[in-house]
Every structure is written in structure tokens, then in C-alpha cells.
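Text of protein-v3.cif, listed as mmCIF, C-alpha atoms:
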```cif
data_query
loop_
_atom_site.group_PDB
_atom_site.id
_atom_site.type_symbol
_atom_site.label_atom_id
_atom_site.label_comp_id
_atom_site.auth_asym_id
_atom_site.auth_seq_id
_atom_site.Cartn_x
_atom_site.Cartn_y
_atom_site.Cartn_z
ATOM 1 C CA MET O 388 -24.224 -15.615 23.431
ATOM 2 C CA LEU O 389 -26.843 -16.798 20.994
ATOM 3 C CA VAL O 390 -26.108 -20.341 19.824
ATOM 4 C CA LEU O 391 -27.732 -21.676 16.674
ATOM 5 C CA THR O 392 -27.425 -25.075 15.011
ATOM 6 C CA ARG O 393 -26.882 -25.029 11.241
ATOM 7 C CA LYS O 394 -26.131 -27.637 8.596
ATOM 8 C CA VAL O 395 -23.750 -27.358 5.666
ATOM 9 C CA GLY O 396 -25.326 -25.090 3.068
ATOM 10 C CA GLU O 397 -27.475 -23.313 5.599
ATOM 11 C CA SER O 398 -26.860 -19.746 6.649
ATOM 12 C CA ILE O 399 -27.719 -17.025 9.091
ATOM 13 C CA ASN O 400 -28.392 -13.355 8.547
ATOM 14 C CA ILE O 401 -27.076 -10.597 10.780
ATOM 15 C CA GLY O 402 -29.100 -7.469 10.193
ATOM 16 C CA ASN O 403 -30.225 -6.778 6.664
ATOM 17 C CA ASP O 404 -26.934 -6.999 4.846
ATOM 18 C CA ILE O 405 -24.682 -9.639 6.431
ATOM 19 C CA LYS O 406 -25.087 -13.286 5.605
ATOM 20 C CA ILE O 407 -22.898 -16.127 6.874
ATOM 21 C CA THR O 408 -23.129 -19.538 5.214
ATOM 22 C CA ILE O 409 -21.650 -22.831 6.417
ATOM 23 C CA VAL O 410 -19.760 -23.856 3.276
ATOM 24 C CA SER O 411 -18.228 -27.107 4.461
ATOM 25 C CA MET O 412 -17.262 -29.064 7.547
ATOM 26 C CA GLU O 413 -14.342 -31.433 7.603
ATOM 27 C CA GLY O 414 -12.024 -32.802 10.277
ATOM 28 C CA GLY O 415 -13.085 -30.325 12.939
ATOM 29 C CA GLN O 416 -12.755 -27.382 10.576
ATOM 30 C CA ILE O 417 -15.661 -25.314 9.403
ATOM 31 C CA ARG O 418 -15.456 -23.110 6.331
ATOM 32 C CA LEU O 419 -17.615 -20.029 6.476
ATOM 33 C CA GLY O 420 -18.763 -17.917 3.586
ATOM 34 C CA ILE O 421 -19.384 -14.313 4.521
ATOM 35 C CA GLU O 422 -21.373 -11.861 2.467
ATOM 36 C CA ALA O 423 -21.173 -8.341 3.828
ATOM 37 C CA PRO O 424 -20.938 -4.763 2.581
ATOM 38 C CA LYS O 425 -17.424 -3.562 1.736
ATOM 39 C CA ASP O 426 -17.211 -1.277 4.758
ATOM 40 C CA VAL O 427 -17.700 -4.133 7.221
ATOM 41 C CA ILE O 428 -14.304 -5.202 8.544
ATOM 42 C CA ILE O 429 -13.848 -8.932 9.068
ATOM 43 C CA HIS O 430 -10.880 -10.545 10.807
ATOM 44 C CA ARG O 431 -9.986 -13.793 12.456
ATOM 45 C CA THR O 432 -10.194 -13.051 16.201
ATOM 46 C CA GLU O 433 -6.755 -14.436 17.054
ATOM 47 C CA ILE O 434 -5.021 -11.821 14.920
ATOM 48 C CA TYR O 435 -5.978 -9.105 17.438
ATOM 49 C CA ASN O 436 -4.556 -11.169 20.271
ATOM 50 C CA LYS O 437 -1.306 -11.653 18.371
ATOM 51 C CA ILE O 438 -0.973 -7.943 17.675
ATOM 52 C CA MET O 439 -1.743 -7.129 21.309
ATOM 53 C CA GLU O 440 0.977 -9.557 22.368
ATOM 54 C CA GLU O 441 3.503 -7.989 19.946
ATOM 55 C CA ASN O 442 2.597 -4.483 21.150
ATOM 56 C CA ARG O 443 3.047 -5.476 24.794
ATOM 57 C CA LYS O 444 6.418 -7.056 24.074
ATOM 58 C CA ALA O 445 7.530 -4.027 22.048
ATOM 59 C CA ALA O 446 6.554 -1.662 24.885
ATOM 60 C CA LYS O 447 9.108 -3.412 27.095
ATOM 61 C CA THR O 448 12.032 -2.818 24.734
ATOM 62 C CA SER O 449 15.173 -1.614 26.429
ATOM 63 C CA THR O 450 16.976 1.314 24.838
ATOM 64 C CA LEU O 451 20.218 -0.633 25.146
ATOM 65 C CA ASP O 452 18.869 -3.480 23.030
ATOM 66 C CA LEU O 453 17.569 -1.104 20.361
ATOM 67 C CA LYS O 454 20.836 0.814 20.314
ATOM 68 C CA ALA O 455 22.759 -2.429 19.808
ATOM 69 C CA ILE O 456 20.470 -3.463 16.987
ATOM 70 C CA ALA O 457 20.704 -0.037 15.324
ATOM 71 C CA LEU O 458 24.500 -0.376 15.372
ATOM 72 C CA ASP O 459 24.270 -3.861 13.961
ATOM 73 C CA TRP O 460 21.974 -2.589 11.184
ATOM 74 C CA LYS O 461 24.414 0.173 10.215
ATOM 75 C CA LYS O 462 27.307 -2.291 10.145
ATOM 76 C CA ARG O 463 25.374 -4.644 7.871
ATOM 77 C CA LYS O 464 24.506 -1.811 5.488
ATOM 78 C CA GLN O 465 28.153 -0.829 5.210
ATOM 79 C CA SER O 466 29.461 -4.301 4.504
ATOM 80 C CA MET H 969 4.279 30.217 17.335
ATOM 81 C CA ASP H 970 5.125 26.576 17.881
ATOM 82 C CA LYS H 971 4.170 25.250 21.258
ATOM 83 C CA LYS H 972 6.502 22.748 22.826
ATOM 84 C CA ILE H 973 5.875 20.295 25.561
ATOM 85 C CA THR H 974 8.391 18.497 27.731
ATOM 86 C CA VAL H 975 7.978 14.889 28.771
ATOM 87 C CA LYS H 976 10.159 12.592 30.824
ATOM 88 C CA ASN H 977 10.786 8.995 29.833
ATOM 89 C CA LEU H 978 12.578 6.668 32.227
ATOM 90 C CA GLN H 979 14.903 5.347 29.543
ATOM 91 C CA LEU H 980 15.141 8.217 27.040
ATOM 92 C CA GLY H 981 15.343 11.044 29.556
ATOM 93 C CA THR H 982 13.743 14.461 29.044
ATOM 94 C CA LEU H 983 12.322 15.094 25.607
ATOM 95 C CA THR H 984 11.005 18.295 24.087
ATOM 96 C CA ILE H 985 8.260 17.777 21.559
ATOM 97 C CA ASP H 986 6.574 20.276 19.233
ATOM 98 C CA SER H 987 2.903 20.062 20.016
ATOM 99 C CA ASP H 988 2.076 20.102 16.300
ATOM 100 C CA LYS H 989 3.996 16.813 15.974
ATOM 101 C CA ILE H 990 1.568 15.013 18.265
ATOM 102 C CA SER H 991 -0.989 12.740 16.629
ATOM 103 C CA THR H 992 -4.261 11.633 18.098
ATOM 104 C CA PHE H 993 -5.115 7.950 17.933
ATOM 105 C CA PRO H 994 -8.837 7.849 18.760
ATOM 106 C CA GLU H 995 -8.655 4.130 19.622
ATOM 107 C CA GLY H 996 -5.095 4.047 20.938
ATOM 108 C CA LEU H 997 -3.002 1.040 19.970
ATOM 109 C CA ILE H 998 -4.280 -2.519 20.245
ATOM 110 C CA GLY H 999 -3.911 -3.467 23.917
ATOM 111 C CA PHE H 1000 -3.201 0.179 24.820
ATOM 112 C CA GLU H 1001 -6.580 1.688 24.056
ATOM 113 C CA GLU H 1002 -6.321 4.287 26.832
ATOM 114 C CA LEU H 1003 -3.281 5.961 25.225
ATOM 115 C CA THR H 1004 -4.513 8.294 22.521
ATOM 116 C CA ARG H 1005 -1.719 10.792 21.860
ATOM 117 C CA PHE H 1006 1.617 9.846 20.368
ATOM 118 C CA ALA H 1007 4.714 11.508 18.979
ATOM 119 C CA ILE H 1008 7.538 10.069 16.921
ATOM 120 C CA ILE H 1009 10.950 10.551 18.453
ATOM 121 C CA ASP H 1010 13.995 10.573 16.181
ATOM 122 C CA LEU H 1011 17.302 10.058 17.904
ATOM 123 C CA GLU H 1012 20.452 9.513 15.904
ATOM 124 C CA GLU H 1013 21.775 6.631 17.985
ATOM 125 C CA TYR H 1014 18.702 4.514 17.188
ATOM 126 C CA GLU H 1015 18.565 5.107 13.427
ATOM 127 C CA PRO H 1016 16.989 3.651 11.326
ATOM 128 C CA PHE H 1017 14.617 2.935 14.212
ATOM 129 C CA GLN H 1018 12.450 5.563 15.834
ATOM 130 C CA TRP H 1019 10.338 5.625 18.975
ATOM 131 C CA LEU H 1020 6.589 5.997 19.094
ATOM 132 C CA LEU H 1021 6.117 7.710 22.427
ATOM 133 C CA SER H 1022 2.888 7.963 24.362
ATOM 134 C CA ILE H 1023 2.226 11.531 25.476
ATOM 135 C CA ASP H 1024 -0.368 10.283 27.948
ATOM 136 C CA ASP H 1025 2.120 7.948 29.626
ATOM 137 C CA PRO H 1026 5.618 8.924 28.460
ATOM 138 C CA ASP H 1027 7.174 5.829 29.991
ATOM 139 C CA ILE H 1028 5.499 3.817 27.257
ATOM 140 C CA THR H 1029 7.390 3.789 23.985
ATOM 141 C CA PHE H 1030 7.392 1.445 21.031
ATOM 142 C CA PRO H 1031 10.336 0.973 18.714
ATOM 143 C CA ILE H 1032 9.227 1.459 15.112
ATOM 144 C CA ILE H 1033 10.730 1.292 11.668
ATOM 145 C CA SER H 1034 9.631 2.280 8.215
ATOM 146 C CA PRO H 1035 8.253 -0.989 6.809
ATOM 147 C CA ILE H 1036 9.879 -0.420 3.428
ATOM 148 C CA LEU H 1037 13.218 -0.915 5.181
ATOM 149 C CA VAL H 1038 11.974 -4.357 6.164
ATOM 150 C CA ILE H 1039 10.378 -5.309 2.842
ATOM 151 C CA ASP H 1040 11.236 -2.890 0.069
ATOM 152 C CA ASP H 1041 7.995 -3.441 -1.804
ATOM 153 C CA TYR H 1042 5.750 -3.232 1.255
ATOM 154 C CA ASN H 1043 2.536 -1.899 -0.140
ATOM 155 C CA PRO H 1044 -0.534 -3.157 1.716
ATOM 156 C CA GLU H 1045 -3.982 -2.472 0.443
ATOM 157 C CA ILE H 1046 -5.799 -0.234 2.873
ATOM 158 C CA SER H 1047 -9.398 0.612 2.268
ATOM 159 C CA ARG H 1048 -11.096 3.785 3.451
ATOM 160 C CA ALA H 1049 -13.390 1.582 5.521
ATOM 161 C CA GLU H 1050 -10.402 0.149 7.407
ATOM 162 C CA ALA H 1051 -8.802 3.559 7.924
ATOM 163 C CA TYR H 1052 -11.854 4.979 9.673
ATOM 164 C CA ASN H 1053 -9.866 6.911 12.283
ATOM 165 C CA LEU H 1054 -7.637 8.738 9.814
ATOM 166 C CA GLY H 1055 -10.067 11.406 8.635
ATOM 167 C CA GLU H 1056 -9.894 12.675 5.081
ATOM 168 C CA PHE H 1057 -6.711 11.767 3.262
ATOM 169 C CA GLU H 1058 -4.933 11.229 -0.003
ATOM 170 C CA ASP H 1059 -2.582 8.244 -0.119
ATOM 171 C CA GLU H 1060 0.460 10.519 0.055
ATOM 172 C CA ASP H 1061 -0.724 11.983 3.379
ATOM 173 C CA LEU H 1062 -0.163 8.666 5.119
ATOM 174 C CA LEU H 1063 3.021 7.732 6.954
ATOM 175 C CA MET H 1064 3.452 4.074 7.747
ATOM 176 C CA TYR H 1065 5.405 2.460 10.558
ATOM 177 C CA ALA H 1066 5.888 -1.094 11.765
ATOM 178 C CA ILE H 1067 6.281 -1.799 15.473
ATOM 179 C CA VAL H 1068 9.475 -3.724 16.173
ATOM 180 C CA THR H 1069 9.876 -6.505 18.701
ATOM 181 C CA ILE H 1070 13.278 -7.618 19.910
ATOM 182 C CA ARG H 1071 13.615 -11.142 21.209
ATOM 183 C CA PRO H 1072 17.046 -10.972 22.835
ATOM 184 C CA GLU H 1073 16.872 -14.597 23.994
ATOM 185 C CA MET H 1074 16.593 -15.679 20.363
ATOM 186 C CA ARG H 1075 18.778 -12.872 18.994
ATOM 187 C CA LEU H 1076 15.924 -12.098 16.704
ATOM 188 C CA VAL H 1077 14.244 -8.875 15.584
ATOM 189 C CA THR H 1078 10.780 -8.912 14.088
ATOM 190 C CA ALA H 1079 8.476 -6.269 12.658
ATOM 191 C CA ASN H 1080 4.711 -6.277 12.805
ATOM 192 C CA LEU H 1081 3.775 -5.826 9.163
ATOM 193 C CA LYS H 1082 0.222 -7.078 9.691
ATOM 194 C CA GLY H 1083 -0.735 -4.308 12.106
ATOM 195 C CA PRO H 1084 1.058 -1.184 10.856
ATOM 196 C CA VAL H 1085 0.748 2.146 12.640
ATOM 197 C CA ILE H 1086 -0.521 4.674 10.144
ATOM 198 C CA ILE H 1087 -0.505 8.427 10.612
ATOM 199 C CA ASN H 1088 -2.310 10.963 8.486
ATOM 200 C CA HIS H 1089 0.309 13.653 8.956
ATOM 201 C CA LYS H 1090 -1.871 16.427 7.552
ATOM 202 C CA GLN H 1091 -4.598 15.916 10.127
ATOM 203 C CA ARG H 1092 -2.361 14.408 12.823
ATOM 204 C CA LEU H 1093 -4.580 11.381 13.179
ATOM 205 C CA GLY H 1094 -3.316 7.863 13.740
ATOM 206 C CA GLN H 1095 -4.558 4.312 13.807
ATOM 207 C CA GLN H 1096 -3.093 0.847 14.120
ATOM 208 C CA ILE H 1097 -4.775 -0.974 11.278
ATOM 209 C CA VAL H 1098 -5.166 -4.740 11.225
ATOM 210 C CA LEU H 1099 -4.687 -5.521 7.559
ATOM 211 C CA THR H 1100 -6.970 -7.899 5.782
ATOM 212 C CA ASP H 1101 -4.025 -8.317 3.393
ATOM 213 C CA ASP H 1102 -2.757 -11.860 4.042
ATOM 214 C CA ARG H 1103 0.742 -11.337 2.622
ATOM 215 C CA TYR H 1104 2.041 -9.853 5.870
ATOM 216 C CA SER H 1105 2.656 -11.283 9.328
ATOM 217 C CA THR H 1106 2.643 -9.881 12.858
ATOM 218 C CA ASN H 1107 6.206 -11.054 13.453
ATOM 219 C CA HIS H 1108 8.164 -10.758 10.239
ATOM 220 C CA GLU H 1109 11.754 -11.735 11.011
ATOM 221 C CA PHE H 1110 14.255 -9.301 9.513
ATOM 222 C CA MET H 1111 17.415 -9.408 11.591
ATOM 223 C CA LYS H 1112 19.116 -12.324 13.201
ATOM 224 C CA GLY H 1113 22.187 -12.239 15.434
#
```
Full structure transcribed into C-alpha cells:
Amino acid sequence: MLVLTRKVGESINIGNDIKITIVSMEGGQIRLGIEAPKDVIIHRTEIYNKIMEENRKAAKTSTLDLKAIALDWKKRKQS
Amino acid sequence: MDKKITVKNLQLGTLTIDSDKISTFPEGLIGFEELTRFAIIDLEEYEPFQWLLSIDDPDITFPIISPILVIDDYNPEISRAEAYNLGEFEDEDLLMYAIVTIRPEMRLVTANLKGPVIINHKQRLGQQIVLTDDRYSTNHEFMKG
């Protein structure tokens, strides 16, 4: 991994069309400003891990549990 | 002529699936990248839930629900750039599903509204899209025992 030191207000360029600026730094938190073309997808990394975790949990669902919840759903809709 | 295939799932038993109901997910699902073909299984006893079944490994299934049953105005913004595995589409070609997680120990049911499964039913292409839309969460609570 390339590690660079930057100060607030300074930035880096990735390729020709992506620019990341250090906007502010406070209490261990760094705010980044990102300029990129619209078709570049930007996410916080932890969101992928959370979705992976949800998917793995969901894949272990027992049919009995889902059946019980489906019944419960239908009861709630009726009442 | 419709071709049918038969798969066996440990919990759901033997299922017959029309091969034209199978969608290809070029990148699989997040955490399940090696599984690229899925079908949606409707079984009355699980309504309104459905199962997203892996054709590549039929013992892997995900409970899903239409997200508008969870939040009736669910309407995330999805850009063409985000939906890069869905081919050419008009908005009405897209079917949206939320993967459901049951937490029996907490008697809680949640839906992943942040990472919906989207299928372009005309081209039978699918993708789990991580929304940039910040209104939705990965574990939206919608039923409590």
C-alpha cells in the first residue's frame, strides 16, 4: 500500500479524473472530499462487510423459521 | 418449448424450475461471488416471502421479500453506473427484492434495504447493488415477536 502524508487542504489525484482532498481533521476523524466522474462508485468499505454478514446469516435461514414468520405476517395483516 | 431443470434443496426438497426463469448474476451476491445463477422460488406457505435459490449450489437459498412490503415508499435512486451488471433496461424492467434475516434469539426480522437484489427480468440479469442512497439500512427491522 502506498502511504502518503497530507495536510488539511491538500489533496491527491488518482489517475486523471479523481481527486481526494483532506477537508478537515478533528478528534480522530478525517473528512474527505472526493471529486470523481459520475460513473465511479464510492462506498464506505464497512458497508460491504455488513452486507456480506447479512447475506451469510440469511443463507442459514431455516424453512421452519420462515414459515412461522410468514404465518405471523398473515395474521397481522388480517387483524 | 420451455426447458425445465430439477434441483434438490435439503430443506425445500425437489424443485422444478423453468430454465427461462433463471437469472445470471455476473458477480454473484456479496460474499457468494462464486454463485452466479439464481431462480426465485414461490411457495404458498412462505408468502409474502420468497426464496432466492442458487442453481449452482441449490442448498444455498436466501429468504427475500418485495421491499415495498417493508417500506411502502421504497424507491432508491439507482444510477446506470451502479447497475453495471444489468444490461440495457428501462426502469419497469427491474424487479427488486430485499434479503431477509431472521434473528430468532431476538425474535426479530430485518430486511436489507441497503443492498437490494435487482433483476432485469427481460434480460435475466441480476446484481446485488450497494446503494449510495443513505436513507436505507442493511438491517431494517420490520417484524418483532
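Omitting Leu1054 of chain H and its sequence neighbours fewer than 3 positions away, and counting all atoms listed in the file, the residues within 7 Å are Ala1051, Asn1088, Leu1093, Gly1094 and Gln1095 of chain H.
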For this session: Mind checking which residues fall within 9 Å of Gln1096 of chain H, counting only C-alpha atoms, ignoring those fewer than 4 positions away in the same chain, and posting them as an MDAnalysis selection string?
Result: chainID H and resid 993 995:998 1051 1083:1087
Exercise. Near Asp459 of chain O, counting all atoms listed in the file, which residues have an atom at most 12 Å away, once you skip same-chain residues fewer than 2 positions from it, shown as number ranges by chain?
Worked result: O: 452-457, 461-466; H: 1013-1017, 1075, 1077, 1111-1113
Exercise. Any idea which chain O residues end up within 12 Å of chain H if we count all atoms listed in the file, as a PyMOL selection string please?
Worked result: chain O and resi 424-464
Problem set entry | Test item: residues at most 9 Å from Ile1036 of chain H, all atoms listed in the file, excluding those fewer than 4 positions along its chain, as a PyMOL selection string | chain H and resi 1040-1043+1064-1065
Exercise. What lies within 7 Å of Leu419 of chain O using only C-alpha atoms, ignoring chain neighbours under 4 positions off, as a list in words?
Worked result: Ile407, Thr408, Ile409 and Val410 of chain O
